[in-house]
Structures are given as C-alpha cells and as structure tokens.
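Q: Please read through the structure below; I'll follow up with questions.
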Amino acid sequence: MKRDYSLLGEDARRAVQSGLAAAEWYHSDVPRKEMKAFMAREDQPAIRDTIILFGAMATLAALGVALWPSLWSAPFWLAYGVLYGSAMDSRWHECGHGTAFRTAWMNNAVYQIASFCMVRNPVTWRWSHARHHTDTIIVGRDPEIVAMRPPALFRIVLNLFGILDAWNGWARMLLNASGRLDPEEASFIPESEHPKVIRVARIWVAIYAATLAVAVWTGSILPLMLIGLPRLYGAWHHVLTGVLQHAGLADNVVDHRLNSRTVHMNPISRFIYWNMNYHVEHHMFPMVPYHRLPALHDRIKDDLPAPNPSMWHAYREVLPVLRRQLAHEDYFLRRELPATARPYREDFHAAAAGNAA
Amino acid sequence: MTDWIDACGAEDVDAEDVIRFDHGGRTYAIYRSPEDDYFCTDGLCTHEQVHLADGLVMDHLIECPKHNGQFDYRTGEAMRAPVCVNLRTYPAKVEGGRVLIGVAS
C-alpha cells in the first residue's frame with residue numbers, strides 16, 4: 001500500500017480514526033521502586049560530558065583556526081564538525097527531554113545551544129519530538145520518520161552532509177523569522193507557543209547575519225567554518241547512528257520492540273550519541289537519563305529482541321531490508337524475541353493493515 | 001460542599017513519590033512531598049492523558065512519564081512544555097494515618 005507521510009493526509013486521518021494515534025503502548029515490566037531509581041536525575045554525568053564536549057570543541061576550533069588555511073587544519077575541522085553537527089543532535093535530544101541534567105536551567109542552556117547548532121527551532125522541535133514519542137513510526141502522525149517506505153535513500157545520503165535537513169532548517173528559520181509558521185508545524189504546536197517560535201528564529205537570523213558580515217568583512221569563510229558549515233560537514237555521524245533507530249522495522253505498531261532498534265556501539269560513538277543506541281529502552285522509558293540506559297538495558301534485555309552487536313552488523317541487517325522495501329514497501333524486519341519475553345503486541349499492526357487492505 | 005474520600009494509607013506513598021487513586025470514575029494522583037506533606041491532583045496529564053502516577057516526583061514537581069512535561073503538584077501549575085494547561089488540584093489531609101482527599105459533592 002502507498003503510505004502518506006503528510007501530517008495532514010489520509011494516513012493521519014486513518015490513524016486517529018482507528019485509535020492507533022495516542023494509543024497505549026507496551027512496556028516491559030519493571031517494579032515502581034526500581035523504575036524510580038532508573039529515572040532519578042543527577043547533574044554530575046552531564047556536567048562532566050558537557051565540559052569534555054565544549055572543551056574539545058574549543059580546542060579543535062582553536063587548532064583549526066591556527067592552522068587555517070593549510071590542509072593541516074582539515075583533521076581538526078572534521079573532528080570539530082562531528083561535535084557540532086552530530087554530538088549536538090544527541091544533546092538537543094536529551095536536554096529536550098529534560099533528562100540529561102537534574103537542574104532545569106542546565107538542560108535549557110544546552111538545549112538552546114544544541115538547537116542552534118542543529119538548526120532546529122527549539123520550540124517547534126520540542127513539540128515535534130513529543131509527537132514522535134506519542135506516535136512512534138505511526139504513518140501520518142510521526143513527523144520524525146527518517147527512513148520512509150519506500151525508503152528515501154537519496155535523501156538519507158544527502159543528509160550525511162546535512163544537505164536537506166540543514167537547508168530546510170535555514171529555510172524554516174527565515175519563514176519563522178518573517179512571522180509565519182508552516183501549516184504542518186502549526187498542526188502540532190499550540191498557538192500560545194507560536195510567538196516563541198518566531199522570536200527564536202529572529203535571534204538566529206541575527207547571529208547568522210553577524211557571522212556572514214564578519215566573513216564578508218574579512219574576505220574569508222573562516223567564520224562560517226565555526227558557525228553554520230559544521231552542520232553540513234559534521235552531520236554524517238548523527239545520520240549514520242540515527243538511521244539505525246527505526247529503519248527497516250515495523251510501522252503502525254504500539255510496541256517499541258517491533259519498531260525500534262538497540263545497537264551496541266564503540267565508546268566514542270556512544271559519547272557522541274549519548275547512549276541513544278539503547279533506543280528501544282529510550283522509547284519504552286523516555287524518563288530514564290542517557291547515563292542509566294545501559295543499566296536499564298541489562299534489566300529488561302530478557303524481554304527485548306537481541307541487540308545488534310555493532311553498527312556494521314546493524315547495517316548488514318538494515319540495508320537489504322531497505323533495498324527490498326524499494327519494490328515491496330510493506331516488507332519489514334520482524335525480529336525474534338527470546339523465550340523469556342512477553343509476546344509482541346501486534347493488535348494495532350494487524351488492525352492498521354486490515355484497514356489499509 | 002466537599003466530600004472527604006479515604007484514598008490510601010499515609011505510608012502507602014513513599015516520601016517524594018506519587019501513587020494512583022481511582023474513585024467515582026475519575027483517576028487521581030496522591031503525592032507525598034519531601035517534607036511529608038500530602039497533595040492531590042487529577043491523575044492524568046493535561047497534555048495527552050497519561051497517568052502521572054508512573055512519572056517522577058522531584059522536590060515539588062511531577063514529571064509526566066511520556067513527554068517529560070512538568071507540573072508543580074502543590075498548585076497544579078504547568079511548569080515545562082509540552083504541558084501548557086494547569087492540572088486540577090484537590091485538598092488533601094492525613095487523619096488517623098489515612099490520606100483523605102476533598103472532592104466536591
């Protein structure tokens with residue numbers, strides 16, 4: 001069947017009508033006392049990681065500037081770019097949830113900086129991501145589906161260099177700065193929040209205008225190497241890890257074990273990605289901070305499909321599925337559960353498929 | 001006129017925690033603050049009708065388990081997006097080791 005990913009389209013209407021939208025989702029059974037310990041907040045891990053992150057960015061940028069325009073500066077820019085264009089994606093995500101730090105202003109400060117780096121309006125995307133958690137990979141409801149069906153592979157390749165996402169972000173920033181919202185974003189952002197969307201966009205336009213002015217005044221793209229361009233040349237890591245979150249798995253289900261993927265990753269990628277490789281766990285229990293997701297994984301792994309042991313393994317699983325979905329878009333990967341797990345909740349999946357037939 | 005409903009034992013709620021209480025077709029959330037004061041609000045988040053009793057109590061805030069919106073459970077005030085609409089509160093008191101909540105009759 002042909003899927004309509006528009007938030008205002010036929011699949012959106014059908015999801016609401018069938019009860020698939022805003023449904024009750026499956027959760028692994030964890031007693032309240034244990035879950036409270038998993039959810040508990042603290043500042044220390046995120047303060048440590050933020051000092052490392054911003055310290056590394058400042059050092060790498062300083063070396064890049066010092067060696068500019070020699071080719072010797074390239075490795076420093078590439079590393080700076082990944083921290084700007086990819087690590088900021090996970091900081092945006094975790095601080096948007098408000099789980100990274102216990103202290104609210106710390107979450108908000110890092111969220112604002114990360115949103116700017118990723119060119120995602122912090123007001124708009126808070127609402128967009130809330131919808132992603134309410135209706136994860138529900139066609140027509142989830143505004144953050146990366147690998148659609150048939151998969152938009154060319155779009156994903158372009159986004160390895162930030163080309164579509166960043167350009168769309170900048171275009172949206174200019175639209176918002178002019179005092180308007182796109183009709184789709186207006187569908188999930190309450191009207192009371194619209195002025196905040198516009199105010200942030202106007203501040204960002206002023207920052208970019210100042211950066212461009214310095215670049216023109218100095219006759220160098222160096223200011224843009226620091227602000228703006230890293231969103232393009234450093235985006236590859238967050239796309240590489242992000243595609244694995246849901247690609248090739250089920251859509252229109254109410255069980256995150258069917259539509260999300262946990263992948264074991266190397267420590268550097270986990271620092272950049274802030275443990276979002278534990279993605280089934282994150283979706284099932286979004287209140288658990290990133291630094292407790294490995295422990296949560298250990299606690300509930302007997303109720304989950306086996307995680308992929310590496311990114312390489314995960315891509316070897318995903319790519320053939322995406323290739324097959326090019327011709328057969330209803331095809332998806334249904335992973336086996338261990339014998340200890342409770343069975344999948346497939347009621348809505350069957351109902352959605354029945355409605356579509 | 002307020003009816004005082006026996007909701008739970010005072011020790012049924014841990015300090016800095018919340019439990020769910022259903023009565024008369026409605027669901028409520030009963031909180032015990034770090035100072036051992038008791039409070040009561042509607043049990044469902046005003047954003048997307050999720051049970052707040054599955055959420056996290058931090059000091060005087062309750063955080064919704066689905067989207068991390070926050071309310072001050074003492075006043076019901078919405079403190080953090082995506083919640084925008086305040087939560088309805090009800091009076092609560094402890095008598096004889098039981099938590100009573102005041103519901104308009």
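Letters for chains follow the order of the structure tokens (A, B, ...), residue numbers begin at 1 for each chain, and ligand numbers begin at 1 in the order shown.
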Enumerate as a VMD selection string the residues belonging to chain A that approach chain B to within 10 Å, with only C-alpha atoms taken into account.
A: chain A and resid 22 24 32 to 33 35 to 37 39 to 41 96 to 99 102 104 123 126 to 127 129 to 134 189 to 190 192 to 193 283 to 288
Q: Report, in Å to a single decimal, how far apart CA of Arg345 in chain A and CA of His27 in chain A are.
A: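 These atoms are spaced 10.1 Å apart.
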Q: List the neighbours of range 87-89 of chain A out to 9 Å using only C-alpha atoms; skip same-chain residues closer than 4 positions along the sequence, and give me the result as a count of residues only.
A: 19
Q: With DSSP run on the backbone, what are the alpha helix (DSSP H) residues within range 37-119 of chain A? I'd like them as a PyMOL selection string.
A: chain A and resi 37-39+44-67+74-82+88-97+104-118
Q: Any idea what's packed within 9 Å of Val99 in chain B, counting only C-alpha atoms, ignoring anything in its chain fewer than 2 positions away? Could you give it as a PyMOL selection string?
A: chain B and resi 5-10+30+38+92-97+101
Q: Would you output that residue set with C-alpha atoms, as a compact mmCIF listing (two decimals), in the first residue's frame?
A:
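And here is the file that came out, out-v8.txt:
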```txt
# COMPACT_ATOMS: atom_id res chain seq x y z
CA ILE B 5 -12.67 10.47 50.47
CA ASP B 6 -10.35 7.93 52.10
CA ALA B 7 -7.71 7.48 49.39
CA CYS B 8 -4.88 5.46 50.94
CA GLY B 9 -2.72 4.94 53.99
CA ALA B 10 -0.18 7.67 54.66
CA ILE B 30 -1.67 11.42 45.53
CA TYR B 38 0.35 15.31 51.07
CA ALA B 92 -5.63 16.52 50.92
CA LYS B 93 -5.16 15.83 54.63
CA VAL B 94 -3.99 13.00 56.89
CA GLU B 95 -6.23 11.71 59.69
CA GLY B 96 -5.54 8.62 61.72
CA GLY B 97 -2.80 7.51 59.35
CA ILE B 101 -8.84 13.95 49.56
```
Q: Figure out the distance between CA of Val16 in chain A and CA of Arg257 in chain A, please, to one decimal in Å.
A: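 Between CA of Arg257 in chain A and CA of Val16 in chain A the gap is 22.0 Å.
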Q: Which neighbours of range 65-75 of chain A fall inside 9 Å, counting only C-alpha atoms, when residues of the same chain fewer than 5 positions from it are skipped, and could you give them as a list in words?
A: Leu60, Tyr80, Leu222 and Leu226 of chain A
Q: For each of B:Arg98, B:Asp42, B:Asp37, B:Gly25, take the minimum atom-to-atom distance to Phe71 in chain B, counting only C-alpha atoms, then give the residue where this is smallest.
A: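 Closest residue, counting only C-alpha atoms: B:Asp42.
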Q: If we count only C-alpha atoms and set the cut-off at 9 Å, which residues sit around Pro343 in chain A, ignoring sequence neighbours fewer than 3 positions away in its own chain? Please answer as a ChimeraX atom specification.
A: /A:303,337,346
Q: Using only C-alpha atoms, which of the listed residues (B:Glu35, B:His23, B:His47, B:Gly76) sits closest to Trp4 in chain B?
A: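 Ranked by minimum distance to Trp4 in chain B, first place goes to B:His23.
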Q: Using DSSP on the backbone coordinates, identify all residues within chain B classified as strand (DSSP E); present the result as a PyMOL selection string.
A: chain B and resi 2-9+17-23+26-32+38-42+56-58+61-63+70-72+77-80+89-90+92-95+98-104
Q: My list of candidates is B:Thr75, B:Thr2, B:Asn86, B:Thr41. Which is closest to Arg20 in chain B when distances are computed with only C-alpha atoms?
A: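 Among B:Thr75, B:Thr2, B:Asn86, B:Thr41, it is B:Thr41 that comes nearest to Arg20 in chain B.
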Q: Please compute the CA of Arg299 in chain A-CA of Ser260 in chain A distance, one decimal, in Å.
A: 17.6 Å
Q: Neighbours of range 166-177 of chain A within 12 Å (only C-alpha atoms; same-chain residues fewer than 4 positions away dropped), as a PyMOL selection string?
A: chain A and resi 85+115-125+158-162+181-186+194-209+228-235
